[in-house]
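Pasting final-v7.txt here (compact mmCIF, C-alpha atoms and all ligand atoms):
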# COMPACT_ATOMS: atom_id res chain seq x y z
CA MET A 1 -22.47 0.22 16.63
CA PRO A 2 -20.97 1.16 13.27
CA VAL A 3 -17.77 -0.63 12.32
CA LEU A 4 -15.09 1.98 11.94
CA SER A 5 -11.96 1.54 9.85
CA VAL A 6 -8.93 3.44 11.07
CA SER A 7 -5.70 4.22 9.25
CA PRO A 8 -3.06 6.90 8.88
CA ALA A 9 -3.82 8.81 5.67
CA ILE A 10 -2.72 11.76 3.57
CA VAL A 11 -5.32 14.12 2.07
CA LEU A 12 -4.88 14.15 -1.71
CA ARG A 13 -7.75 16.45 -2.71
CA THR A 14 -10.93 18.02 -1.40
CA ARG A 15 -13.98 19.53 -3.03
CA SER A 16 -17.13 21.13 -1.75
CA PHE A 17 -20.33 19.13 -1.93
CA GLY A 18 -23.63 20.88 -1.44
CA GLU A 19 -24.13 23.52 1.21
CA SER A 20 -22.06 22.09 3.99
CA ASP A 21 -20.27 18.87 3.03
CA LYS A 22 -16.94 18.03 1.49
CA ILE A 23 -15.80 15.12 -0.63
CA VAL A 24 -12.26 14.16 0.26
CA THR A 25 -9.83 11.71 -1.32
CA PHE A 26 -7.20 10.20 0.98
CA LEU A 27 -4.27 7.91 0.40
CA SER A 28 -4.48 5.67 3.42
CA ARG A 29 -1.76 3.32 4.61
CA ASP A 30 -4.00 0.30 5.17
CA TYR A 31 -6.87 0.67 2.66
CA GLY A 32 -5.22 2.37 -0.33
CA LYS A 33 -6.94 5.35 -1.90
CA VAL A 34 -10.27 6.10 -0.25
CA THR A 35 -12.82 8.77 -1.16
CA GLY A 36 -15.42 9.81 1.35
CA ILE A 37 -17.97 12.36 2.33
CA ALA A 38 -17.30 14.57 5.35
CA LYS A 39 -20.69 15.73 6.53
CA GLY A 40 -20.84 19.28 7.80
CA ALA A 41 -17.14 19.82 7.12
CA LYS A 42 -17.73 23.26 5.63
CA ARG A 43 -19.72 24.43 8.64
CA SER A 44 -18.31 22.65 11.66
CA ARG A 45 -14.72 23.68 12.10
CA ARG A 46 -14.57 21.74 15.33
CA ARG A 47 -14.99 18.26 13.87
CA PHE A 48 -12.39 18.71 11.15
CA VAL A 49 -10.04 21.45 12.32
CA ASN A 50 -8.23 22.12 9.03
CA THR A 51 -7.47 18.42 8.76
CA LEU A 52 -9.09 18.10 5.35
CA GLU A 53 -6.65 20.42 3.58
CA PRO A 54 -4.40 18.80 0.95
CA PHE A 55 -1.07 17.39 2.25
CA SER A 56 -2.52 16.84 5.76
CA LEU A 57 -1.26 13.69 7.48
CA VAL A 58 -4.09 12.47 9.66
CA ASN A 59 -5.50 9.50 11.46
CA LEU A 60 -8.60 8.79 9.37
CA ARG A 61 -11.66 7.10 10.83
CA PHE A 62 -14.31 6.10 8.33
CA GLN A 63 -17.27 3.84 7.84
CA GLU A 64 -18.28 1.96 4.70
CA ARG A 65 -21.68 2.88 3.25
CA ALA A 66 -23.98 0.32 1.66
CA GLN A 67 -24.33 0.69 -2.12
CA SER A 68 -21.90 3.56 -2.35
CA SER A 69 -18.23 3.74 -3.18
CA LEU A 70 -18.03 6.87 -1.04
CA VAL A 71 -17.24 6.13 2.59
CA PHE A 72 -18.53 8.19 5.51
CA VAL A 73 -15.69 10.17 7.07
CA HIS A 74 -16.20 10.17 10.84
CA ALA A 75 -13.18 12.08 11.98
CA CYS A 76 -9.63 13.08 11.15
CA ASP A 77 -7.03 13.86 13.79
CA TRP A 78 -3.63 15.34 13.08
CA LEU A 79 -0.70 12.95 13.04
CA GLN A 80 1.81 15.49 11.83
CA VAL A 81 1.42 19.15 11.00
CA PHE A 82 3.46 20.29 7.99
CA LYS A 83 3.88 23.99 8.72
CA ASN A 84 6.50 24.76 6.09
CA LEU A 85 4.77 22.97 3.24
CA THR A 86 2.30 25.76 2.68
CA THR A 87 4.49 28.75 3.44
CA GLY A 88 6.28 29.27 0.12
CA LEU A 89 5.12 28.98 -3.48
CA GLU A 90 7.98 26.58 -4.34
CA ASN A 91 7.00 24.23 -1.54
CA ILE A 92 3.32 24.40 -2.46
CA ALA A 93 4.10 23.79 -6.14
CA MET A 94 6.25 20.76 -5.37
CA ALA A 95 3.91 19.27 -2.78
CA SER A 96 0.92 19.77 -5.13
CA TYR A 97 2.76 17.98 -7.91
CA MET A 98 3.88 15.10 -5.67
CA VAL A 99 0.35 14.62 -4.37
CA GLU A 100 -1.25 14.87 -7.83
CA ILE A 101 1.04 12.32 -9.50
CA THR A 102 0.57 9.93 -6.57
CA ASP A 103 -3.19 10.37 -6.90
CA GLU A 104 -3.11 9.75 -10.65
CA LEU A 105 -0.81 6.73 -10.53
CA THR A 106 -2.84 4.86 -7.89
CA ARG A 107 -6.27 3.28 -8.05
CA GLU A 108 -9.02 3.35 -5.44
CA ARG A 109 -8.80 0.65 -2.78
CA GLU A 110 -5.54 -0.88 -3.92
CA GLU A 111 -3.54 -1.14 -0.75
CA SER A 112 0.05 -0.02 -1.15
CA ARG A 113 1.93 0.74 2.04
CA SER A 114 5.09 1.45 0.09
CA ILE A 115 3.41 4.21 -1.95
CA PHE A 116 1.87 5.70 1.20
CA GLU A 117 5.26 5.65 2.94
CA HIS A 118 6.94 7.12 -0.14
CA LEU A 119 4.53 10.08 -0.30
CA LYS A 120 4.80 10.60 3.44
CA GLN A 121 8.60 10.56 3.21
CA GLY A 122 8.39 13.06 0.33
CA LEU A 123 6.23 15.51 2.30
CA VAL A 124 8.49 15.14 5.36
CA PHE A 125 11.53 15.83 3.17
CA LEU A 126 9.92 19.00 1.78
CA GLU A 127 8.89 20.12 5.23
CA GLU A 128 12.37 19.64 6.71
CA GLN A 129 14.72 20.34 3.79
CA GLY A 130 12.70 22.63 1.53
CA SER A 131 12.09 22.21 -2.18
CA SER A 132 14.74 20.40 -4.22
CA VAL A 133 14.50 19.58 -7.90
CA SER A 134 16.98 16.70 -7.48
CA TYR A 135 14.80 15.22 -4.77
CA LEU A 136 11.72 15.62 -6.95
CA THR A 137 13.40 13.56 -9.68
CA PHE A 138 14.15 10.82 -7.15
CA PHE A 139 10.54 11.00 -5.94
CA GLU A 140 9.12 10.59 -9.45
CA MET A 141 11.41 7.71 -10.39
CA ARG A 142 10.66 5.80 -7.21
CA LEU A 143 6.92 6.42 -7.50
CA LEU A 144 6.95 5.17 -11.11
CA THR A 145 8.67 1.97 -9.99
CA LEU A 146 6.33 1.42 -7.02
CA SER A 147 3.22 1.94 -9.16
CA GLY A 148 4.47 -0.29 -11.98
CA TYR A 149 5.03 2.44 -14.56
CA GLN A 150 8.82 2.54 -14.59
CA PRO A 151 10.34 3.73 -17.87
CA MET A 152 12.59 1.29 -19.75
CA LEU A 153 16.10 2.72 -19.67
CA GLU A 154 18.34 -0.25 -20.38
CA SER A 155 18.16 -0.43 -24.15
CA CYS A 156 16.64 1.23 -27.22
CA ARG A 157 12.94 0.33 -27.36
CA ARG A 158 13.08 -0.09 -31.13
CA CYS A 159 16.36 -1.85 -32.01
CA GLY A 160 17.50 -3.11 -28.60
CA LYS A 161 20.87 -1.32 -28.59
CA LYS A 162 22.19 -1.24 -25.03
CA ARG A 163 22.55 1.98 -23.10
CA PRO A 164 26.27 2.75 -22.79
CA GLU A 165 27.63 1.84 -19.36
CA SER A 166 28.17 4.69 -16.98
CA GLY A 167 31.79 5.62 -16.86
CA GLU A 168 32.02 5.85 -20.64
CA PRO A 169 33.18 9.32 -21.64
CA PHE A 170 30.30 11.62 -22.41
CA LEU A 171 32.04 13.14 -25.40
CA VAL A 172 32.92 10.85 -28.30
CA ARG A 173 34.41 11.50 -31.73
CA ASP A 174 32.04 11.23 -34.62
CA PRO A 175 33.87 9.14 -37.28
CA GLU A 176 32.01 10.86 -40.12
CA ASP A 177 32.79 14.48 -39.49
CA ASN A 178 35.64 13.96 -37.02
CA ARG A 179 34.18 16.22 -34.34
CA ASP A 180 33.38 15.63 -30.69
CA TYR A 181 29.72 15.29 -29.90
CA VAL A 182 27.53 14.17 -27.03
CA PRO A 183 26.07 10.79 -27.98
CA HIS A 184 22.44 11.55 -28.31
CA TRP A 185 19.74 9.33 -26.97
CA CYS A 186 16.19 10.42 -26.67
CA PHE A 187 13.16 9.54 -24.65
CA SER A 188 9.92 8.46 -26.26
CA PRO A 189 6.86 8.68 -23.94
CA ARG A 190 4.89 6.55 -26.43
CA ASP A 191 7.49 3.75 -26.32
CA GLY A 192 7.80 3.99 -22.56
CA GLY A 193 11.56 4.35 -22.69
CA ILE A 194 14.65 5.35 -24.61
CA LEU A 195 15.54 5.36 -28.30
CA CYS A 196 19.03 5.43 -29.76
CA ARG A 197 20.25 8.02 -32.22
CA SER A 198 19.69 5.72 -35.24
CA CYS A 199 16.07 5.04 -34.32
CA LEU A 200 15.24 8.70 -33.72
CA PRO A 201 13.98 9.39 -37.27
CA PHE A 202 11.38 6.62 -36.96
CA ARG A 203 9.44 8.27 -34.17
CA LYS A 204 7.68 11.57 -33.65
CA GLU A 205 7.28 13.18 -30.24
CA THR A 206 10.67 12.39 -28.80
CA LEU A 207 12.51 14.37 -26.16
CA PRO A 208 16.28 14.90 -26.06
CA LEU A 209 18.13 12.97 -23.39
CA SER A 210 21.85 13.38 -22.84
CA LEU A 211 23.84 10.35 -21.77
CA GLU A 212 24.47 12.05 -18.44
CA ALA A 213 20.76 12.45 -17.72
CA LEU A 214 20.01 8.94 -18.97
CA ASN A 215 22.65 7.36 -16.73
CA ALA A 216 21.52 9.45 -13.76
CA LEU A 217 17.90 8.31 -14.23
CA ALA A 218 19.03 4.70 -14.58
CA ARG A 219 21.06 5.00 -11.37
CA LEU A 220 18.02 6.39 -9.54
CA GLN A 221 15.98 3.48 -10.85
CA GLU A 222 18.58 0.91 -9.76
CA ASN A 223 18.87 2.52 -6.36
CA GLU A 224 16.04 0.42 -4.92
CA GLY A 225 14.35 3.33 -3.23
CA LEU A 226 17.28 4.64 -1.24
CA LEU A 227 17.71 8.36 -1.54
CA PRO A 228 21.20 8.90 -2.90
CA SER A 229 23.22 11.42 -0.90
CA SER A 230 23.56 13.33 -4.14
CA PRO A 231 21.68 12.32 -7.28
CA GLY A 232 24.55 14.04 -9.10
CA LEU A 233 22.56 15.78 -11.80
CA SER A 234 24.02 18.78 -13.58
CA GLY A 235 21.88 21.73 -14.69
CA LEU A 236 21.40 20.34 -18.20
CA ALA A 237 20.48 16.86 -16.98
CA LEU A 238 17.97 18.31 -14.50
CA LYS A 239 16.40 20.42 -17.20
CA GLU A 240 15.95 17.37 -19.42
CA THR A 241 14.47 15.24 -16.67
CA ARG A 242 12.09 18.08 -15.69
CA THR A 243 10.64 17.86 -19.20
CA ILE A 244 10.75 14.10 -19.66
CA LEU A 245 9.22 12.81 -16.43
CA PRO A 246 6.03 14.97 -16.32
CA ARG A 247 5.49 14.27 -20.05
CA PHE A 248 5.94 10.54 -19.50
CA ILE A 249 3.54 10.52 -16.54
CA GLN A 250 0.93 12.49 -18.50
CA PHE A 251 1.23 10.04 -21.35
CA GLN A 252 0.70 7.11 -18.95
CA ILE A 253 -2.40 8.60 -17.32
CA ASN A 254 -3.66 10.04 -20.62
CA LYS A 255 -4.44 13.46 -19.23
CA GLU A 256 -2.80 16.72 -18.31
CA LEU A 257 -1.51 17.23 -14.80
CA LYS A 258 -2.89 20.44 -13.34
CA SER A 259 0.14 21.14 -11.18
CA VAL A 260 2.77 20.97 -13.94
CA SER A 261 2.59 24.58 -15.13
CA PHE A 262 2.60 25.78 -11.52
CA LEU A 263 5.65 23.63 -10.88
CA GLU A 264 7.41 24.90 -14.02
CA THR A 265 6.87 28.49 -12.92
CA PHE A 266 8.32 28.07 -9.45
CA CYS A 267 10.66 25.10 -9.50
CA MET A 268 12.64 24.99 -12.69
CA ALA A 269 16.16 23.68 -12.57
ZN ZN B 1 17.66 1.98 -31.68
Would it be possible to restate this file's structure as structure tokens?
Amino acid sequence: MPVLSVSPAIVLRTRSFGESDKIVTFLSRDYGKVTGIAKGAKRSRRRFVNTLEPFSLVNLRFQERAQSSLVFVHACDWLQVFKNLTTGLENIAMASYMVEITDELTREREESRSIFEHLKQGLVFLEEQGSSVSYLTFFEMRLLTLSGYQPMLESCRRCGKKRPESGEPFLVRDPEDNRDYVPHWCFSPRDGGILCRSCLPFRKETLPLSLEALNALARLQENEGLLPSSPGLSGLALKETRTILPRFIQFQINKELKSVSFLETFCMA
């Protein structure tokens, strides 16, 4: 008798293989990311009734194969059907992005229940509440923390100047030209965190970051994974974070995310 491994899992991506098979990558709760071959999946609709489509939450049964990193996918049964996830372009764009960044920020066979639960919670949120750019920002920040890629937001990465405490007025008076201005910090994907105004000229490829957006991101990071009732991001802050976080993630994984332009088209703040 073959030894079968069983775990709840989310389908991350699927591709055709040969005439009738599919190669499917899952994020499983108990075995981490697992890629396997589903024999006959393109022909037999009975064995895998639509359960191999991306975003599916299934009970995966698979068997290890000798001398191959690809497992043999025996069966997948629905655990939860997300009907609304694939009904609107905004939902599809957001779910595709959430699944792709989770895929890219995790490695094969590294068990992480918290990342599995986080993605599952994200898909359930989308299914029940619909797309939300504020929620997406929370999702990204939490995923970055869980996968060990959290950006450094406490102090300037070059000179160490501390981020101003929240509660400080956003507008301050510039002593040189005696005008109000928004204290300007910026985000440097290469430095993995923030730079103060004085250090800005020393770096290329920086992205503007208002104090409001910076403090909001820091609050999300300090939130220890609890979804705030309202992340409290204004339009400007959301716009900045929508640029910064995908750019930061792409820098970390050293490649372009396919779902970003799709997301930008349908889910801009
Ligand atoms: Zn600095």
Q: Go through the chains and note each residue within 12 Å of ligand ZN 1 (chain B), using only C-alpha atoms and all ligand atoms, then give the set as a PyMOL selection string.
A: chain A and resi 154-163+184-188+191+193-203
Q: Quote the spacing between CA of Glu90 (chain A) and CA of Leu119 (chain A) in Å to one decimal place.
A: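 Pair CA of Glu90 (chain A) / CA of Leu119 (chain A) returns 17.3 Å.
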(Q) I'd like the contact shell of Phe17 (chain A) - 10 Å cut-off, only C-alpha atoms, skipping same-chain residues fewer than 6 positions apart - returned as a PyMOL selection string. (A) chain A and resi 23-24+37-42
Q) Within 9 Å of Ser132 (chain A), counting all atoms listed in the file, which residues qualify if same-chain residues fewer than 4 places away don't, as a list in words? A) Met94, Leu126, Leu136, Thr137 and Cys267 of chain A
Q: Just give me the gap between CA of Phe251 (chain A) and CA of Leu144 (chain A) in Å, one decimal is fine.
A: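 Between these atoms lies a distance of 12.7 Å.
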Q. Taking into account only C-alpha atoms, which residue in the set A:Ser114, A:Lys83, A:Thr35, A:Gly148 is nearest to Ser68 (chain A)?
A. A:Thr35
Q | Cut-off 6 Å around (2.3, 12.8, -12.1) with all atoms listed in the file: residues as a list in words | A |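 Residues satisfying the cut-off, written out: Glu100, Ile101 and Ile249 of chain A.
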So that I have them on file, write out the residues from the current selection with C-alpha atoms, as an mmCIF file, in the coordinates of the input.
data_model
loop_
_atom_site.group_PDB
_atom_site.id
_atom_site.type_symbol
_atom_site.label_atom_id
_atom_site.label_comp_id
_atom_site.auth_asym_id
_atom_site.auth_seq_id
_atom_site.Cartn_x
_atom_site.Cartn_y
_atom_site.Cartn_z
ATOM 1 C CA GLU A 100 -1.250 14.870 -7.830
ATOM 2 C CA ILE A 101 1.040 12.320 -9.500
ATOM 3 C CA ILE A 249 3.540 10.520 -16.540
#
(Q) Which residues are close to Gly36 (chain A), i.e. within 10 Å by all atoms listed in the file, leaving aside same-chain residues fewer than 4 positions away? Reply as an MDAnalysis selection string. (A) chainID A and resid 14 22:26 62:65 68:74
Q. So which one's closest to Gly130 (chain A), A:Gln67, A:Thr87, A:Thr51, A:Ser5? Using only C-alpha atoms, please.
A.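 Answer, going by the shortest atom-to-atom distance: A:Thr87.
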Q.
Just to confirm, what's the straight-line distance from CA of Arg61 (chain A) to CA of Arg109 (chain A) in Å (one decimal)?
A.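 Computed distance, CA of Arg61 (chain A) to CA of Arg109 (chain A), equals 15.3 Å.
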(Q) Given only C-alpha atoms as the basis, pick out the residue of A:Asp30, A:Glu127, A:Glu212, A:Glu240 nearest to Ser7 (chain A). (A)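 For Ser7 (chain A), the nearest of the given residues is A:Asp30.
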Q | Which residue of A:Phe48, A:Phe82, A:Tyr149, A:Tyr135 approaches Gln252 (chain A) most closely, using only C-alpha atoms | A |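 With only C-alpha atoms as the atom set, the closest residue is A:Tyr149.
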Near-Thr145 (chain A) list (9 Å; only C-alpha atoms; drop same-chain fewer than 5 positions) as a PDB file with C-alpha atoms, keeping the file's coordinate frame:
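Okay, result_31.pdb is ready:
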ATOM      1  CA  GLU A 140       9.120  10.590  -9.450  1.00  0.00           C
ATOM      2  CA  GLN A 150       8.820   2.540 -14.590  1.00  0.00           C
ATOM      3  CA  PRO A 151      10.340   3.730 -17.870  1.00  0.00           C
ATOM      4  CA  GLN A 221      15.980   3.480 -10.850  1.00  0.00           C
ATOM      5  CA  GLY A 225      14.350   3.330  -3.230  1.00  0.00           C
TER       6      GLY A 225
END
(Q) Nearest residue to Glu53 (chain A) out of A:His118, A:Arg15, A:Arg113, A:Arg242, using all atoms listed in the file? (A) A:Arg15
Q. Which residue gives the smallest distance to Leu60 (chain A) among A:Ile244, A:Ala9, A:Leu214, A:Ile92, with all atoms listed in the file counted?
A. A:Ala9
Q) Once you count all atoms listed in the file, which residues end up no further than 10 Å from (21.6, 9.7, -17.1) in the file's frame, shown as a list in words? A)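 The requested residues, written out, are Leu153, Arg163, Ser166, Leu209, Ser210, Leu211, Glu212, Ala213, Leu214, Asn215, Ala216, Leu217, Ala218, Arg219, Leu220, Gly232, Leu233, Ala237, Leu238, Glu240 and Thr241 of chain A.
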Expected axis-aligned box over every listed atom of region 211-221 of chain A, 3 Å added per side, centre plus edges in Å to one decimal, as lines of an AutoDock Vina configuration file:
center_x = 20.2
center_y = 8.0
center_z = -15.7
size_x = 14.5
size_y = 15.0
size_z = 18.2
Since fewer atoms than expected are present, regenerate all heavy atoms for region 206-217 of chain A and write them as an mmCIF file, keeping the file's coordinate frame.
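The resulting file, result01.cif, is reproduced below:
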data_model
loop_
_atom_site.group_PDB
_atom_site.id
_atom_site.type_symbol
_atom_site.label_atom_id
_atom_site.label_comp_id
_atom_site.auth_asym_id
_atom_site.auth_seq_id
_atom_site.Cartn_x
_atom_site.Cartn_y
_atom_site.Cartn_z
ATOM 1 N N THR A 206 9.601 12.857 -29.675
ATOM 2 C CA THR A 206 10.670 12.390 -28.800
ATOM 3 C C THR A 206 11.305 13.588 -28.096
ATOM 4 O O THR A 206 11.198 14.711 -28.567
ATOM 5 C CB THR A 206 11.762 11.647 -29.598
ATOM 6 O OG1 THR A 206 12.256 12.531 -30.594
ATOM 7 C CG2 THR A 206 11.209 10.390 -30.224
ATOM 8 N N LEU A 207 11.924 13.295 -26.965
ATOM 9 C CA LEU A 207 12.510 14.370 -26.160
ATOM 10 C C LEU A 207 14.001 14.098 -26.010
ATOM 11 O O LEU A 207 14.389 12.948 -25.773
ATOM 12 C CB LEU A 207 11.852 14.385 -24.774
ATOM 13 C CG LEU A 207 10.333 14.549 -24.785
ATOM 14 C CD1 LEU A 207 9.738 14.114 -23.444
ATOM 15 C CD2 LEU A 207 9.967 15.988 -25.078
ATOM 16 N N PRO A 208 14.837 15.134 -26.166
ATOM 17 C CA PRO A 208 16.280 14.900 -26.060
ATOM 18 C C PRO A 208 16.675 14.415 -24.679
ATOM 19 O O PRO A 208 16.084 14.809 -23.675
ATOM 20 C CB PRO A 208 16.899 16.271 -26.363
ATOM 21 C CG PRO A 208 15.812 17.259 -26.203
ATOM 22 C CD PRO A 208 14.511 16.543 -26.402
ATOM 23 N N LEU A 209 17.672 13.537 -24.658
ATOM 24 C CA LEU A 209 18.130 12.970 -23.390
ATOM 25 C C LEU A 209 19.636 12.750 -23.509
ATOM 26 O O LEU A 209 20.082 11.879 -24.245
ATOM 27 C CB LEU A 209 17.412 11.637 -23.151
ATOM 28 C CG LEU A 209 17.718 10.877 -21.873
ATOM 29 C CD1 LEU A 209 17.359 11.685 -20.642
ATOM 30 C CD2 LEU A 209 16.942 9.556 -21.849
ATOM 31 N N SER A 210 20.396 13.555 -22.785
ATOM 32 C CA SER A 210 21.850 13.380 -22.840
ATOM 33 C C SER A 210 22.215 12.092 -22.102
ATOM 34 O O SER A 210 21.454 11.600 -21.264
ATOM 35 C CB SER A 210 22.549 14.570 -22.193
ATOM 36 O OG SER A 210 22.193 14.634 -20.826
ATOM 37 N N LEU A 211 23.400 11.577 -22.420
ATOM 38 C CA LEU A 211 23.840 10.350 -21.770
ATOM 39 C C LEU A 211 23.949 10.559 -20.257
ATOM 40 O O LEU A 211 23.673 9.661 -19.469
ATOM 41 C CB LEU A 211 25.181 9.914 -22.362
ATOM 42 C CG LEU A 211 25.607 8.487 -22.070
ATOM 43 C CD1 LEU A 211 24.541 7.496 -22.485
ATOM 44 C CD2 LEU A 211 26.916 8.184 -22.783
ATOM 45 N N GLU A 212 24.341 11.763 -19.869
ATOM 46 C CA GLU A 212 24.470 12.050 -18.440
ATOM 47 C C GLU A 212 23.113 11.912 -17.734
ATOM 48 O O GLU A 212 22.997 11.267 -16.688
ATOM 49 C CB GLU A 212 25.002 13.474 -18.234
ATOM 50 C CG GLU A 212 25.206 13.763 -16.752
ATOM 51 C CD GLU A 212 25.260 15.240 -16.410
ATOM 52 O OE1 GLU A 212 25.318 16.076 -17.339
ATOM 53 O OE2 GLU A 212 25.208 15.554 -15.211
ATOM 54 N N ALA A 213 22.088 12.518 -18.337
ATOM 55 C CA ALA A 213 20.760 12.450 -17.720
ATOM 56 C C ALA A 213 20.238 11.008 -17.735
ATOM 57 O O ALA A 213 19.659 10.524 -16.759
ATOM 58 C CB ALA A 213 19.791 13.367 -18.452
ATOM 59 N N LEU A 214 20.478 10.324 -18.848
ATOM 60 C CA LEU A 214 20.010 8.940 -18.970
ATOM 61 C C LEU A 214 20.648 8.051 -17.891
ATOM 62 O O LEU A 214 19.959 7.295 -17.193
ATOM 63 C CB LEU A 214 20.354 8.416 -20.373
ATOM 64 C CG LEU A 214 20.168 6.922 -20.637
ATOM 65 C CD1 LEU A 214 18.763 6.470 -20.277
ATOM 66 C CD2 LEU A 214 20.452 6.608 -22.100
ATOM 67 N N ASN A 215 21.970 8.179 -17.729
ATOM 68 C CA ASN A 215 22.650 7.360 -16.730
ATOM 69 C C ASN A 215 22.208 7.728 -15.311
ATOM 70 O O ASN A 215 22.088 6.868 -14.443
ATOM 71 C CB ASN A 215 24.161 7.465 -16.876
ATOM 72 C CG ASN A 215 24.652 6.605 -18.034
ATOM 73 O OD1 ASN A 215 24.106 5.533 -18.300
ATOM 74 N ND2 ASN A 215 25.654 7.070 -18.756
ATOM 75 N N ALA A 216 21.961 9.025 -15.099
ATOM 76 C CA ALA A 216 21.520 9.450 -13.760
ATOM 77 C C ALA A 216 20.135 8.865 -13.459
ATOM 78 O O ALA A 216 19.888 8.375 -12.350
ATOM 79 C CB ALA A 216 21.480 10.973 -13.690
ATOM 80 N N LEU A 217 19.237 8.886 -14.449
ATOM 81 C CA LEU A 217 17.900 8.310 -14.230
ATOM 82 C C LEU A 217 17.994 6.806 -13.984
ATOM 83 O O LEU A 217 17.320 6.253 -13.120
ATOM 84 C CB LEU A 217 16.994 8.580 -15.436
ATOM 85 C CG LEU A 217 16.507 10.025 -15.619
ATOM 86 C CD1 LEU A 217 15.630 10.130 -16.862
ATOM 87 C CD2 LEU A 217 15.739 10.513 -14.395
#
